[in-house]
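Participant: Okay, here's the structure, questions in a sec.
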Amino acid sequence: MKIRTIDDLDVRGKYVLLRDDFNVQIVDGKITDAFRIEQSMATINALRDAGARIAIVAHLGRPKGARNMEYSLAPVAEYMGVPLVADALDKNFMANMRDGDVVLLENVRFYPGEESNDLEFARALAAGFDLFVNDAFAVSHRAHASTVGVTDFLPSYAGKLLASEIEQLNAVMANPAHPFVAIVAGSKISTKIGVLRALARIADKLIIGGALGTTFNYALGANVGNSLYEADQTDTALEILKYGRENNCEILVPLDKGVATKFVRDAVRTDKTFDEIQPNDIILDAGALTTARDIDVIKSAKTVIWNGTVGMAEWSPVWSAGSFAIARAIAEQTRNGKLKSIVGGGDTVAALEACGVKDDISYVSTGGGAFLEYIEGRALPGIVALSDK
């Protein structure tokens with residue numbers, strides 16, 4: 001599928017509606033992780049330098065179609081040093097814009113027509129603009145008014161970040177260097193069936209961790225204590241294991257786990273094999289045996305794709321051990337030129353950042369759900385809308 005991009009596009013004096021993903025973490029009114037904003041700057045600066053008049057449309061959180069100022073984009077506007085337009089449908093600001101000006105529209109999810117992709121809302125959002133640029137890969141799996149609806153009313157193009165995401169993922173999925181290792185963790189099999197099957201078709205080894213891995217262990221008859229897992233997904237887990245064998249993909253499940261008797265950050269940790277786990281044990285991280293095996297697998301790989309932390313990585317240092325060890329191993333191999341690495345998913349990227357290795361990864365995706373759906377091979381509505389039909 002060929003998509004239209006902003007390369008060689010004449011935007012001087014044009015009013016550009018730019019969809020960015022600024023769904024960032026904000027604590028006490030301050031942005032604590034600006035990764036998605038910083039990744040968007042290449043397109044913003046390119047359009048600005050080319051003389052476009054840019055209005056950025058973005059969202060924050062899930063205000064459910066109501067004006068809830070807890071989800072205001074004001075901290076983002078302050079961080080970027082641009083004016084915030086309080087009403088995304090109020091076009092009065094356009095009369096005062098000059099070439100190269102940038103404004104940020106208030107949270108587009110304050111409007112019920114956004115997530116329902118209401119035609120009239122999309123028409124109102126697009127009104128007054130000359131063209132639309134989508135640079136928000138992370139929400140391009142959503143058929144919303146600001147990703148799909150506006151393309152019915154404006155010539156539409158992919159920004160630099162979106163085009164780069166597609167290029168990087170296409171390359172690794174179409175022709176990865178082998179051995180190719182995929183690491184998928186997180187909480188639920190039910191949300192990752194498609195991506196597990198897709199990776200099992202092309203990867204040499206598939207490491208499954210986190211609560212996702214716990215479900216696989218449970219399906220294989222292991223003790224999992226009082227932990228998070230999906231008892232109703234036993235058949236699915238066994239089917240995926242069978243699918244891996246049929247496709248010559250070795251699927252690796254956890255060997256042991258870091259457990260506690262309380263689900264709290266400062267709980268005392270004990271690493272246990274599954275025959276040692278007791279009914280009151282709560283699994284919170286990968287165990288030392290599992291982590292050592294996973295590092296050995298990473299060291300043998302030439303391509304690694306990773307989504308999902310293998311434990312409560314935000315509870316550092318005790319419960320981040322497994323995830324941080326994986327992050328450091330991938331980073332070291334990449335830094336030494338032995339590995340091409342692609343990492344996606346908010347928690348996973350946060351783990352890279354927390355242990356200081358994000359800059360060593362070959363490519364860090366801004367996408368979570370979109371990252372997984374693209375790997376799975378689904379057609380993402382926001383990208384399809386930019387294609388030459």
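Each chain in the structure tokens gets a letter, A, B, ..., in the order shown, and its residues are numbered from 1; ligands are numbered from 1 in order too.
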Identify, on the basis of only C-alpha atoms, every residue whose closest approach to region 236-248 of chain A does not exceed 8 Å; exclude the query and any residue fewer than 3 positions from it along the same chain; express the result as a count of residues only.
Facilitator: 13
Participant: Can you pull out every residue within 9 Å of region 136-150 of chain A, counting only C-alpha atoms, but drop anything in the same chain fewer than 5 positions away, and send it as a tab-separated table (two decimals) with C-alpha atoms, in the first residue's frame?
Facilitator:
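As written to disk, out-v1.tsv reads:
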```
chain	number	residue	atom	x	y	z
A	18	LEU	CA	-1.88	18.22	11.85
A	19	ARG	CA	-2.89	15.17	13.88
A	20	ASP	CA	-0.29	14.39	16.52
A	21	ASP	CA	-0.32	11.99	19.44
A	22	PHE	CA	0.32	13.94	22.62
A	40	SER	CA	6.57	14.65	16.49
A	57	VAL	CA	-5.17	18.38	16.82
A	58	ALA	CA	-4.49	15.84	19.57
A	108	VAL	CA	-10.32	16.66	20.52
A	113	GLY	CA	-18.21	13.26	17.60
A	114	GLU	CA	-14.49	12.43	17.72
A	115	GLU	CA	-14.52	8.79	18.77
A	116	SER	CA	-17.76	8.04	16.92
A	117	ASN	CA	-16.23	9.52	13.74
A	118	ASP	CA	-19.28	11.70	13.28
A	119	LEU	CA	-19.36	13.10	9.74
A	121	PHE	CA	-18.03	16.88	13.49
A	122	ALA	CA	-15.27	15.86	11.06
A	123	ARG	CA	-16.54	18.43	8.56
A	124	ALA	CA	-16.51	21.16	11.22
A	125	LEU	CA	-13.02	20.18	12.38
A	126	ALA	CA	-11.68	20.29	8.81
A	156	SER	CA	-4.45	14.09	3.29
A	158	ALA	CA	1.42	11.17	6.23
A	159	GLY	CA	3.91	13.10	8.33
A	161	LEU	CA	7.00	10.16	12.00
A	162	LEU	CA	4.11	8.14	10.62
A	163	ALA	CA	5.99	7.36	7.41
A	165	GLU	CA	7.01	4.00	11.67
A	166	ILE	CA	5.59	2.24	8.60
A	365	SER	CA	7.90	3.11	18.17
A	366	THR	CA	5.38	5.59	19.53
A	367	GLY	CA	2.63	3.03	19.09
A	368	GLY	CA	1.11	0.57	21.53
A	369	GLY	CA	-2.10	-0.90	20.17
A	370	ALA	CA	-1.27	0.41	16.68
A	371	PHE	CA	2.18	-1.18	16.90
A	373	GLU	CA	-2.11	-4.33	15.08
A	374	TYR	CA	0.36	-3.33	12.37
A	378	ARG	CA	-4.29	-5.45	10.13
A	379	ALA	CA	-5.16	-2.50	7.92
A	380	LEU	CA	-5.07	0.55	10.19
A	381	PRO	CA	-7.90	2.96	9.26
A	382	GLY	CA	-5.82	6.09	9.73
A	383	ILE	CA	-3.16	4.78	7.34
A	384	VAL	CA	-5.59	3.40	4.78
A	385	ALA	CA	-7.14	6.87	4.59
A	386	LEU	CA	-3.79	8.24	3.36
```
Participant: Run DSSP on the backbone and grab whatever in region 85-215 of chain A lands in helix (DSSP H, G or I); send it over as number ranges by chain.
Facilitator: A: 92-96, 108-110, 112-115, 119-126, 137-139, 149-152, 160-174, 193-202, 210-215
Participant: Do you know which residues are at most 6 Å from region 72-89 of chain A counting only C-alpha atoms, after dropping those on the same chain fewer than 3 positions away, and could you put them as a list in words?
Facilitator: Met69, Val103, Leu104, Leu105, Glu106, Asn107 and Leu125 of chain A
Participant: Compare A:Thr5, A:Thr334, A:Gln39, A:Thr290 by their minimum atom-to-atom distance to Ile207 (chain A), counting only C-alpha atoms, and give me the closest one.
Facilitator: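 Among the listed residues, the smallest separation from Ile207 (chain A) belongs to A:Thr290.
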Participant: Choose the residue, out of A:Asn96, A:Lys30, A:Leu17, A:Ala52, that has the smallest atom-to-atom separation from Phe132 (chain A); count only C-alpha atoms.
Facilitator: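 Closest to Phe132 (chain A), using only C-alpha atoms: A:Leu17.
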Participant: How many Å lie between CA of Lys91 (chain A) and CA of Val24 (chain A), rounded to one decimal?
Facilitator: 25.7 Å
Participant: Between A:Pro112, A:Pro279, A:Gly258, A:Gly346, single out the one closest to Ala321 (chain A), counting only C-alpha atoms.
Facilitator: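 Of A:Pro112, A:Pro279, A:Gly258, A:Gly346, the one nearest Ala321 (chain A) is A:Gly258, counting only C-alpha atoms.
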Participant: Nearest residue to Leu206 (chain A) out of A:Leu255, A:Ile282, A:Ala267, A:Ile305, using only C-alpha atoms?
Facilitator: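 Of A:Leu255, A:Ile282, A:Ala267, A:Ile305, the one nearest Leu206 (chain A) is A:Ile305, counting only C-alpha atoms.
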Participant: Using DSSP on the backbone coordinates, identify all residues within region 228-331 of chain A classified as strand (DSSP E); present the result as a PyMOL selection string.
Facilitator: chain A and resi 250-252+256-260+270-273+282-286+303-307
Participant: What separation in Å, quoted to one decimal, exists between CA of Leu212 (chain A) and CA of Gly225 (chain A)?
Facilitator: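 Separation of CA of Leu212 (chain A) and CA of Gly225 (chain A): 14.7 Å.
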Participant: What is the CA of Thr309 (chain A) to CA of Ser323 (chain A) distance in Å?
Facilitator: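 A separation of 5.5 Å between them.
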Participant: Do you know which residues are at most 8 Å from Leu339 (chain A) counting only C-alpha atoms, after dropping those on the same chain fewer than 2 positions away, and could you put them as number ranges by chain?
Facilitator: A: 301-304, 330, 333-337, 341
